[in-house]
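Shown next: my_file19.pdb, given as PDB, C-alpha atoms.
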ATOM      1  CA  MET A   2      14.759  33.139  14.366
ATOM      2  CA  GLN A   3      15.984  29.944  12.704
ATOM      3  CA  PHE A   4      17.088  28.687  16.107
ATOM      4  CA  LEU A   5      13.579  29.305  17.528
ATOM      5  CA  LEU A   6      11.879  27.651  14.559
ATOM      6  CA  ARG A   7      14.109  24.617  14.862
ATOM      7  CA  TRP A   8      13.413  24.202  18.562
ATOM      8  CA  ALA A   9       9.668  24.815  18.113
ATOM      9  CA  ALA A  10       9.606  22.038  15.519
ATOM     10  CA  ILE A  11      11.626  19.675  17.692
ATOM     11  CA  ALA A  12       9.362  20.363  20.684
ATOM     12  CA  LEU A  13       6.278  19.719  18.553
ATOM     13  CA  LEU A  14       7.717  16.493  17.202
ATOM     14  CA  GLY A  15       8.797  15.352  20.622
ATOM     15  CA  SER A  16       5.301  15.787  21.980
ATOM     16  CA  LEU A  17       3.884  13.228  19.594
ATOM     17  CA  PRO A  18       4.131   9.484  19.820
ATOM     18  CA  MET A  19       4.968   8.912  16.161
ATOM     19  CA  LEU A  20       4.867  10.641  12.823
ATOM     20  CA  ALA A  21       4.720   9.999   8.780
ATOM     21  CA  ALA A  22       6.045   9.279   5.412
ATOM     22  CA  ALA A  23       4.649   7.729   2.291
ATOM     23  CA  LYS A  24       3.669   4.098   2.620
ATOM     24  CA  PRO A  25       5.928   1.514   0.947
ATOM     25  CA  ILE A  26       2.829  -0.448  -0.161
ATOM     26  CA  ALA A  27      -0.091   1.432  -1.643
ATOM     27  CA  PHE A  28      -2.615  -1.265  -2.583
ATOM     28  CA  ALA A  29      -2.917  -4.767  -4.052
ATOM     29  CA  LYS A  30      -1.813  -5.083  -7.691
ATOM     30  CA  GLY A  31      -0.589  -1.520  -7.509
ATOM     31  CA  THR A  32       2.669   0.021  -8.661
ATOM     32  CA  THR A  33       4.336   2.802  -6.698
ATOM     33  CA  VAL A  34       6.945   5.157  -8.122
ATOM     34  CA  MET A  35       8.571   7.597  -5.714
ATOM     35  CA  ALA A  36      11.273  10.252  -6.030
ATOM     36  CA  GLU A  37      12.587  12.324  -3.148
ATOM     37  CA  TYR A  38      14.997  15.232  -3.034
ATOM     38  CA  GLY A  39      16.123  15.542   0.557
ATOM     39  CA  ALA A  40      17.777  18.889   1.263
ATOM     40  CA  GLU A  41      21.096  18.084  -0.459
ATOM     41  CA  THR A  42      21.682  15.214   2.003
ATOM     42  CA  MET A  43      19.513  12.445   0.575
ATOM     43  CA  ASN A  44      18.115  11.729  -2.876
ATOM     44  CA  GLU A  45      16.129   8.578  -3.542
ATOM     45  CA  VAL A  46      14.127   6.970  -6.328
ATOM     46  CA  GLN A  47      12.004   3.835  -5.782
ATOM     47  CA  LEU A  48       9.787   1.530  -7.812
ATOM     48  CA  PHE A  49       7.637  -1.120  -6.107
ATOM     49  CA  TYR A  50       4.924  -3.509  -7.212
ATOM     50  CA  ALA A  51       2.492  -4.991  -4.672
ATOM     51  CA  PRO A  52       1.009  -8.389  -5.698
ATOM     52  CA  ARG A  53      -1.004  -8.331  -2.452
ATOM     53  CA  TYR A  54      -1.899  -5.509  -0.109
ATOM     54  CA  TRP A  55       0.525  -6.786   2.524
ATOM     55  CA  TYR A  56       3.757  -6.982   0.542
ATOM     56  CA  SER A  57       5.577  -5.333  -2.306
ATOM     57  CA  ILE A  58       8.839  -5.929  -4.149
ATOM     58  CA  GLY A  59      11.028  -3.632  -6.145
ATOM     59  CA  GLY A  60      14.127  -1.561  -5.950
ATOM     60  CA  GLY A  61      15.649   1.836  -5.717
ATOM     61  CA  TRP A  62      18.602   4.129  -5.886
ATOM     62  CA  LEU A  63      19.796   6.178  -2.942
ATOM     63  CA  GLU A  64      22.363   8.951  -2.831
ATOM     64  CA  LEU A  65      23.668  10.196   0.528
ATOM     65  CA  THR A  66      25.907  13.234   0.872
ATOM     66  CA  SER A  67      27.329  14.460   4.152
ATOM     67  CA  ASP A  68      26.689  18.012   5.272
ATOM     68  CA  ASP A  69      30.329  19.005   4.684
ATOM     69  CA  LYS A  70      30.319  17.153   1.301
ATOM     70  CA  SER A  71      33.224  14.949   2.408
ATOM     71  CA  LYS A  72      31.277  11.691   2.137
ATOM     72  CA  GLN A  73      29.061  10.496  -0.653
ATOM     73  CA  ARG A  74      27.311   7.150  -1.172
ATOM     74  CA  HIS A  75      25.440   5.745  -4.134
ATOM     75  CA  ILE A  76      23.407   2.661  -3.317
ATOM     76  CA  THR A  77      21.372   0.647  -5.814
ATOM     77  CA  TYR A  78      19.191  -1.942  -4.145
ATOM     78  CA  VAL A  79      16.398  -4.496  -4.420
ATOM     79  CA  ARG A  80      13.948  -4.601  -1.546
ATOM     80  CA  ALA A  81      10.862  -6.365  -0.202
ATOM     81  CA  ASN A  82       8.317  -4.490   1.948
ATOM     82  CA  LEU A  83       5.960  -6.189   4.366
ATOM     83  CA  LEU A  84       2.866  -4.820   6.052
ATOM     84  CA  ALA A  85       3.400  -6.536   9.399
ATOM     85  CA  LYS A  86       0.235  -5.261  11.063
ATOM     86  CA  ARG A  87      -2.718  -3.036  10.205
ATOM     87  CA  TRP A  88      -5.450  -1.688  12.415
ATOM     88  CA  ASN A  89      -8.571  -0.558  10.565
ATOM     89  CA  LEU A  90     -10.549   1.725  12.847
ATOM     90  CA  PRO A  91     -13.659   3.815  12.225
ATOM     91  CA  GLY A  92     -12.186   6.921  10.580
ATOM     92  CA  ALA A  93      -8.553   5.949  11.250
ATOM     93  CA  GLN A  94      -5.852   3.511  10.251
ATOM     94  CA  ALA A  95      -2.554   2.447  11.807
ATOM     95  CA  ASN A  96       0.188   0.357  10.223
ATOM     96  CA  VAL A  97       3.489  -1.296  10.963
ATOM     97  CA  PHE A  98       5.707  -1.874   7.922
ATOM     98  CA  ALA A  99       9.075  -3.612   7.786
ATOM     99  CA  TRP A 100      11.464  -4.088   4.891
ATOM    100  CA  GLY A 101      14.780  -5.575   3.927
ATOM    101  CA  GLY A 102      17.010  -5.681   0.884
ATOM    102  CA  LEU A 103      20.422  -5.968  -0.661
ATOM    103  CA  GLY A 104      22.343  -3.760  -3.027
ATOM    104  CA  ARG A 105      25.630  -2.481  -4.334
ATOM    105  CA  ALA A 106      27.180   0.677  -2.960
ATOM    106  CA  THR A 107      29.981   2.968  -3.998
ATOM    107  CA  GLY A 108      31.522   5.823  -2.003
ATOM    108  CA  ASN A 109      34.070   8.581  -2.437
ATOM    109  CA  ASP A 110      36.034   7.479   0.635
ATOM    110  CA  PHE A 111      36.613   3.849  -0.403
ATOM    111  CA  ALA A 112      37.615   2.102  -3.600
ATOM    112  CA  GLY A 113      35.367  -0.095  -5.741
ATOM    113  CA  ASP A 114      31.911  -1.191  -4.664
ATOM    114  CA  THR A 115      30.596  -3.119  -1.696
ATOM    115  CA  LEU A 116      27.555  -5.182  -0.755
ATOM    116  CA  ALA A 117      24.943  -3.004   0.980
ATOM    117  CA  ARG A 118      22.349  -4.367   3.376
ATOM    118  CA  ASN A 119      19.113  -2.518   4.058
ATOM    119  CA  VAL A 120      16.514  -2.969   6.799
ATOM    120  CA  GLY A 121      13.831  -0.612   7.994
ATOM    121  CA  VAL A 122      10.596  -0.115   9.821
ATOM    122  CA  GLN A 123       7.734   2.364   9.640
ATOM    123  CA  ILE A 124       4.927   2.948  12.106
ATOM    124  CA  ASP A 125       2.112   5.277  11.098
ATOM    125  CA  TYR A 126      -1.282   6.443  12.226
ATOM    126  CA  GLU A 127      -3.659   8.601  10.237
ATOM    127  CA  THR A 128      -7.106  10.055  10.178
ATOM    128  CA  ARG A 129      -8.405  12.497   7.580
ATOM    129  CA  ARG A 130      -7.068  15.371   9.704
ATOM    130  CA  ILE A 131      -3.913  14.020  11.338
ATOM    131  CA  TYR A 132      -1.119  12.008   9.760
ATOM    132  CA  THR A 133       1.758  10.802  11.883
ATOM    133  CA  ALA A 134       4.613   8.392  11.228
ATOM    134  CA  PHE A 135       8.050   7.346  12.271
ATOM    135  CA  ARG A 136      10.399   5.634   9.824
ATOM    136  CA  SER A 137      13.862   4.240  10.419
ATOM    137  CA  ASP A 138      15.953   3.066   7.471
ATOM    138  CA  LEU A 139      19.371   1.467   7.915
ATOM    139  CA  GLN A 140      21.868   1.237   5.049
ATOM    140  CA  GLU A 141      24.881  -0.758   6.068
ATOM    141  CA  SER A 142      27.962  -2.334   4.511
ATOM    142  CA  ASP A 143      31.486  -3.316   5.557
ATOM    143  CA  ARG A 144      32.518   0.257   4.712
ATOM    144  CA  PHE A 145      29.750   2.355   6.251
ATOM    145  CA  SER A 146      26.625   2.379   8.373
ATOM    146  CA  HIS A 147      23.963   5.057   7.978
ATOM    147  CA  ARG A 148      20.585   5.115   9.649
ATOM    148  CA  ILE A 149      18.015   7.678   8.570
ATOM    149  CA  ASP A 150      15.272   8.316  11.130
ATOM    150  CA  THR A 151      12.354  10.384   9.886
ATOM    151  CA  LEU A 152       9.541  11.703  12.005
ATOM    152  CA  GLN A 153       6.590  13.575  10.475
ATOM    153  CA  LEU A 154       3.480  15.272  11.752
ATOM    154  CA  GLY A 155       0.842  16.201   9.214
ATOM    155  CA  TRP A 156      -2.258  18.291   9.780
ATOM    156  CA  ALA A 157      -5.008  18.767   7.208
ATOM    157  CA  PRO A 158      -6.864  22.095   7.336
ATOM    158  CA  TYR A 159      -9.950  20.352   5.913
ATOM    159  CA  GLU A 160     -11.164  16.775   5.454
ATOM    160  CA  HIS A 161     -10.629  15.619   1.900
ATOM    161  CA  ASP A 162     -12.573  12.948   0.066
ATOM    162  CA  TYR A 163     -11.600  10.621  -2.775
ATOM    163  CA  ASP A 164     -12.619  13.089  -5.482
ATOM    164  CA  THR A 165     -11.169  16.200  -3.835
ATOM    165  CA  LEU A 166      -7.640  17.488  -3.443
ATOM    166  CA  ALA A 167      -6.078  16.651  -0.092
ATOM    167  CA  THR A 168      -3.849  19.319   1.447
ATOM    168  CA  TRP A 169      -1.558  18.670   4.381
ATOM    169  CA  LEU A 170       0.832  20.843   6.338
ATOM    170  CA  VAL A 171       3.732  18.736   7.529
ATOM    171  CA  VAL A 172       6.594  19.181   9.963
ATOM    172  CA  GLN A 173       9.456  16.763   9.425
ATOM    173  CA  GLY A 174      12.410  15.953  11.636
ATOM    174  CA  ARG A 175      15.197  13.797  10.221
ATOM    175  CA  ARG A 176      18.328  12.449  11.840
ATOM    176  CA  TYR A 177      21.243  10.793  10.031
ATOM    177  CA  THR A 178      23.894   8.626  11.667
ATOM    178  CA  GLY A 179      27.369   7.819  10.345
ATOM    179  CA  GLU A 180      28.614  11.426  10.206
ATOM    180  CA  LEU A 181      26.289  12.549   7.439
ATOM    181  CA  PHE A 182      24.525  15.359   9.255
ATOM    182  CA  ASP A 183      25.058  16.826  12.676
ATOM    183  CA  GLY A 184      21.840  17.160  14.700
ATOM    184  CA  ILE A 185      18.248  17.065  13.481
ATOM    185  CA  GLU A 186      17.310  18.352  10.049
ATOM    186  CA  THR A 187      13.915  20.027  10.357
ATOM    187  CA  ALA A 188      11.679  20.804   7.384
ATOM    188  CA  PHE A 189       8.269  22.392   6.850
ATOM    189  CA  LEU A 190       6.321  20.931   3.960
ATOM    190  CA  VAL A 191       3.067  21.289   2.076
ATOM    191  CA  ARG A 192       1.652  18.037   0.770
ATOM    192  CA  PHE A 193      -1.023  17.593  -1.886
ATOM    193  CA  PHE A 194      -2.577  14.411  -3.105
ATOM    194  CA  LYS A 195      -5.458  13.382  -5.248
ATOM    195  CA  GLY A 196      -6.194  10.001  -6.737
ATOM    196  CA  GLY A 197      -2.856   8.262  -7.107
ATOM    197  CA  THR A 198      -0.660  11.360  -7.175
ATOM    198  CA  TRP A 199       1.172  12.727  -4.152
ATOM    199  CA  VAL A 200       3.409  15.815  -4.227
ATOM    200  CA  GLU A 201       5.220  17.295  -1.254
ATOM    201  CA  ILE A 202       7.393  20.409  -1.260
ATOM    202  CA  GLY A 203       8.998  22.582   1.357
ATOM    203  CA  ALA A 204      12.266  23.673   2.904
ATOM    204  CA  THR A 205      14.464  22.882   5.833
ATOM    205  CA  THR A 206      15.061  25.506   8.513
ATOM    206  CA  ASP A 207      18.402  26.307   6.873
ATOM    207  CA  GLY A 208      16.666  27.039   3.581
ATOM    208  CA  LYS A 209      17.352  23.863   1.590
ATOM    209  CA  LEU A 210      14.731  22.392  -0.721
ATOM    210  CA  GLN A 211      12.891  19.256   0.431
ATOM    211  CA  ALA A 212      10.558  17.659  -2.117
ATOM    212  CA  MET A 213       8.890  14.364  -2.871
ATOM    213  CA  ALA A 214       6.588  13.012  -5.554
ATOM    214  CA  MET A 215       4.822   9.667  -5.558
ATOM    215  CA  PHE A 216       2.540   8.014  -8.085
ATOM    216  CA  ASN A 217       0.365   4.954  -7.499
ATOM    217  CA  PHE A 218      -1.342   3.135 -10.348
TER     218      PHE A 218
ATOM    219  CA  MET B 124     -55.910 -21.248  -6.256
ATOM    220  CA  ASN B 125     -55.961 -18.455  -3.657
ATOM    221  CA  ARG B 126     -53.479 -20.421  -1.587
ATOM    222  CA  TYR B 127     -51.172 -20.693  -4.618
ATOM    223  CA  LYS B 128     -51.368 -16.914  -5.257
ATOM    224  CA  LEU B 129     -50.616 -16.182  -1.602
ATOM    225  CA  PHE B 130     -47.615 -18.537  -1.674
ATOM    226  CA  THR B 131     -46.281 -16.884  -4.848
ATOM    227  CA  ALA B 132     -46.742 -13.405  -3.369
ATOM    228  CA  ILE B 133     -44.858 -14.382  -0.205
ATOM    229  CA  LEU B 134     -42.050 -15.885  -2.289
ATOM    230  CA  LEU B 135     -41.742 -12.709  -4.360
ATOM    231  CA  LEU B 136     -41.796 -10.577  -1.237
ATOM    232  CA  ILE B 137     -38.993 -12.576   0.362
ATOM    233  CA  ALA B 138     -36.909 -12.635  -2.798
ATOM    234  CA  SER B 139     -37.454  -9.020  -3.810
ATOM    235  CA  PRO B 140     -34.701  -7.355  -1.727
ATOM    236  CA  PHE B 141     -32.144  -9.633  -3.401
ATOM    237  CA  ALA B 142     -33.648  -9.775  -6.887
ATOM    238  CA  SER B 143     -34.136  -6.050  -7.295
ATOM    239  CA  ALA B 144     -31.215  -4.688  -5.325
ATOM    240  CA  LYS B 145     -28.903  -2.927  -7.731
ATOM    241  CA  THR B 146     -26.461  -1.338  -5.298
ATOM    242  CA  VAL B 147     -24.536  -2.907  -2.470
ATOM    243  CA  GLU B 148     -23.486  -0.418   0.199
ATOM    244  CA  MET B 149     -20.724  -1.369   2.600
ATOM    245  CA  GLU B 150     -19.623   0.412   5.749
ATOM    246  CA  VAL B 151     -15.842   0.039   5.881
ATOM    247  CA  ASN B 152     -13.275   0.718   8.595
ATOM    248  CA  GLY B 153      -9.830   2.121   7.786
ATOM    249  CA  LEU B 154     -10.947   4.387   4.935
ATOM    250  CA  VAL B 155      -8.858   7.501   5.465
ATOM    251  CA  CYS B 156      -7.084   8.428   2.237
ATOM    252  CA  GLY B 157      -7.327   8.547  -1.515
ATOM    253  CA  PHE B 158      -4.919   5.619  -1.868
ATOM    254  CA  CYS B 159      -7.284   3.455   0.212
ATOM    255  CA  ALA B 160     -10.140   4.348  -2.094
ATOM    256  CA  GLN B 161      -8.030   3.819  -5.204
ATOM    257  CA  GLY B 162      -7.083   0.272  -4.196
ATOM    258  CA  ILE B 163     -10.631  -0.690  -3.273
ATOM    259  CA  GLU B 164     -12.013   0.764  -6.497
ATOM    260  CA  LYS B 165      -9.456  -1.161  -8.536
ATOM    261  CA  THR B 166     -10.298  -4.458  -6.807
ATOM    262  CA  LEU B 167     -14.068  -4.083  -7.038
ATOM    263  CA  LYS B 168     -14.043  -2.915 -10.652
ATOM    264  CA  ALA B 169     -12.293  -6.160 -11.555
ATOM    265  CA  LEU B 170     -15.329  -8.201 -10.397
ATOM    266  CA  PRO B 171     -17.476  -9.321 -13.369
ATOM    267  CA  ALA B 172     -20.760  -8.182 -11.780
ATOM    268  CA  THR B 173     -19.565  -4.626 -11.093
ATOM    269  CA  GLU B 174     -21.125  -1.814 -13.096
ATOM    270  CA  GLY B 175     -19.590   1.001 -11.042
ATOM    271  CA  VAL B 176     -17.969   1.811  -7.704
ATOM    272  CA  PHE B 177     -18.311   4.809  -5.417
ATOM    273  CA  VAL B 178     -16.164   5.443  -2.346
ATOM    274  CA  SER B 179     -16.940   8.114   0.235
ATOM    275  CA  LEU B 180     -14.291   8.656   2.884
ATOM    276  CA  GLU B 181     -16.657  11.020   4.701
ATOM    277  CA  ASN B 182     -19.339   8.341   5.099
ATOM    278  CA  ARG B 183     -16.899   5.379   5.352
ATOM    279  CA  LEU B 184     -18.905   4.001   2.471
ATOM    280  CA  VAL B 185     -17.987   1.729  -0.410
ATOM    281  CA  ALA B 186     -20.851   1.190  -2.863
ATOM    282  CA  VAL B 187     -20.952  -1.218  -5.783
ATOM    283  CA  GLN B 188     -23.534  -0.832  -8.505
ATOM    284  CA  LEU B 189     -24.318  -4.218 -10.013
ATOM    285  CA  LYS B 190     -24.858  -4.990 -13.674
ATOM    286  CA  ASP B 191     -28.437  -5.938 -14.560
ATOM    287  CA  GLY B 192     -29.219  -9.539 -13.734
ATOM    288  CA  THR B 193     -26.049 -10.116 -11.738
ATOM    289  CA  GLU B 194     -25.376 -10.634  -8.056
ATOM    290  CA  ILE B 195     -22.422 -10.743  -5.684
ATOM    291  CA  ASP B 196     -22.832 -12.456  -2.364
ATOM    292  CA  ASP B 197     -21.739 -10.875   0.908
ATOM    293  CA  ALA B 198     -18.889 -13.326   1.411
ATOM    294  CA  ALA B 199     -17.316 -12.409  -1.932
ATOM    295  CA  LEU B 200     -17.566  -8.701  -1.128
ATOM    296  CA  ARG B 201     -16.107  -9.133   2.347
ATOM    297  CA  LYS B 202     -13.239 -11.137   0.833
ATOM    298  CA  ALA B 203     -12.604  -8.473  -1.837
ATOM    299  CA  LEU B 204     -12.372  -5.757   0.810
ATOM    300  CA  LYS B 205     -10.261  -7.939   3.109
ATOM    301  CA  ASP B 206      -7.901  -8.688   0.199
ATOM    302  CA  SER B 207      -7.635  -4.926  -0.303
ATOM    303  CA  GLY B 208      -6.619  -4.499   3.327
ATOM    304  CA  TYR B 209      -9.854  -3.138   4.817
ATOM    305  CA  THR B 210     -12.551  -4.298   7.190
ATOM    306  CA  VAL B 211     -16.236  -4.461   6.264
ATOM    307  CA  VAL B 212     -18.466  -3.551   9.198
ATOM    308  CA  ALA B 213     -21.901  -3.811   7.542
ATOM    309  CA  ILE B 214     -23.440  -4.614   4.168
ATOM    310  CA  ARG B 215     -26.833  -3.514   2.908
ATOM    311  CA  ARG B 216     -28.543  -3.791  -0.459
ATOM    312  CA  THR B 217     -30.408  -0.775  -1.710
ATOM    313  CA  GLU B 218     -32.066   0.739  -4.737
ATOM    314  CA  ARG B 219     -30.030   3.948  -4.552
ATOM    315  CA  SER B 220     -27.926   4.755  -7.615
ATOM    316  CA  LEU B 221     -24.282   5.786  -7.329
ATOM    317  CA  ASP B 222     -25.292   9.307  -8.419
ATOM    318  CA  GLU B 223     -27.765   9.492  -5.533
ATOM    319  CA  LEU B 224     -25.025   8.355  -3.153
ATOM    320  CA  ARG B 225     -22.650  10.980  -4.570
ATOM    321  CA  GLN B 226     -25.255  13.690  -4.021
ATOM    322  CA  GLN B 227     -25.868  12.414  -0.493
ATOM    323  CA  ALA B 228     -22.121  12.462   0.234
ATOM    324  CA  LYS B 229     -21.842  16.052  -1.047
ATOM    325  CA  ARG B 230     -24.714  17.104   1.239
ATOM    326  CA  ASP B 231     -22.984  15.386   4.186
ATOM    327  CA  ASP B 232     -19.646  17.179   3.559
TER     328      ASP B 232
END
File written out as structure tokens:
Amino acid sequence: MQFLLRWAAIALLGSLPMLAAAKPIAFAKGTTVMAEYGAETMNEVQLFYAPRYWYSIGGGWLELTSDDKSKQRHITYVRANLLAKRWNLPGAQANVFAWGGLGRATGNDFAGDTLARNVGVQIDYETRRIYTAFRSDLQESDRFSHRIDTLQLGWAPYEHDYDTLATWLVVQGRRYTGELFDGIETAFLVRFFKGGTWVEIGATTDGKLQAMAMFNF
Amino acid sequence: MNRYKLFTAILLLIASPFASAKTVEMEVNGLVCGFCAQGIEKTLKALPATEGVFVSLENRLVAVQLKDGTEIDDAALRKALKDSGYTVVAIRRTERSLDELRQQAKRDD
């Protein structure tokens, strides 16, 4: 059954051009705080401030743990996010974000700490019923190189408005490089947001918790 | 004297849509989520002439209720929305209150 669910999710994801995650810039003069618990493989906390709608600056902490628990990374970083392109359409929006940063990383398979470099890109498209995005985030140093590719498809059972609770059903596919996880980690999530609060909770097909909370103010 | 009255009446007629308009309604592209609305509301509320703001994702509408005796020109509003990351398609000035617009939006849902 798990095998069928996994392949159904992969087939669904593969049929779409691109899928979604939270945006690294919410709005001008806005602060974003985000925490994610990623199925025992990835935990991340971020804080960003956007002076303008097209860029934000801040930092974060990322923990990566391989599936067999043999590798663990802790990366503390500063980062700048750029909205490279936005398309405002009637009833839809599409964005291209890019980011880069530097940090310090430690690991259980090397001594001391090392300079970590971070680059990434996100492409998303959303209406009030469909939310899709693809995000690729590379964490690299002289000791390791891990890329986390995340693809999401969200579907809203009803159209929300500003003063109503938004509910989304999301399928997420995530792939890690650098021997962290073998294959694609698939998760089914329920997402709620209202005002500046966003909460997402679900599980991967092998039963691990996947959760995220984000606050914009 | 009659000519003077006629001239005054025409002047008042021309000026009335601007002088009496208390709400500016903007049709905006890219309005799809609560975060969009939150950012726009924050920007517009910071303008000195703003009494209140209403955003309807359903109607792609951003409405600004103006304080008595104040005015915001179209260019300033377009710039505020552009600086928030959105595109203004049309602007109109009306007498409708934000409550009326809220009721209208609820009926349209």
Query raised in the report: Which residues of chain A are close to chain B, meaning at most 6 Å apart when you count all atoms listed in the file, and how do they look as a ChimeraX atom specification?
Result: /A:28,54,89-91,93-94,128-129,162-163,196
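In this structure, atom CA of Ile76 of chain A sits 16.5 Å away from atom CA of Phe49 of chain A.
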Requested in this report: Please write the residues picked by the PyMOL selection byres ((chain A and resi 36) around 12) on this file as number ranges by chain.
Outcome: A: 23, 33-35, 37-39, 43-49, 61-64, 199-202, 211-216
Report summary line: Pairwise distance, atom CA of Leu184 of chain B with atom CA of Tyr159 of chain A, equals 19.0 Å
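Among the candidates B:Arg225, B:Lys190, B:Arg230, B:Arg219, the one nearest to Glu148 of chain B when counting only C-alpha atoms is B:Arg219.
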Requested in this report: Just give me the gap between atom CA of Gly102 of chain A and atom CA of Phe193 of chain A in Å, one decimal is fine.
Outcome: 29.6 Å
Return the padded bounding box of segment 50-66 of chain A as lines of an AutoDock Vina configuration file: axis-aligned, built from all atoms listed in the file, 4 Å added on each side, with centre and edge lengths in Å to one decimal.
center_x = 12.0
center_y = 2.4
center_z = -2.3
size_x = 35.8
size_y = 29.6
size_z = 17.7
Query raised in the report: On this structure, which residues satisfy the PyMOL selection byres ((chain B and resi 168-174) around 12), written as JSON, numbers by chain?
Result: {"A": [30], "B": [145, 146, 147, 160, 161, 162, 163, 164, 165, 166, 167, 175, 176, 177, 178, 185, 186, 187, 188, 189, 190, 191, 192, 193, 194, 195, 196, 199, 200, 202, 203, 204, 220, 221]}
I'd like a table as a Markdown table: residues in segment 9-81 of chain A with an atom no more than 7 Å from segment 105-109 of chain A, each row giving the shortest atom pair and its distance in Å to one decimal, only C-alpha atoms counted, sorted by chain and rising residue number.
| residue | atom | partner | partner_atom | distance |
| --- | --- | --- | --- | --- |
| A:Lys72 | CA | A:Asn109 | CA | 6.2 |
| A:Gln73 | CA | A:Gly108 | CA | 5.5 |
| A:Arg74 | CA | A:Gly108 | CA | 4.5 |
| A:His75 | CA | A:Thr107 | CA | 5.3 |
| A:Ile76 | CA | A:Ala106 | CA | 4.3 |
| A:Thr77 | CA | A:Arg105 | CA | 5.5 |
| A:Tyr78 | CA | A:Arg105 | CA | 6.5 |
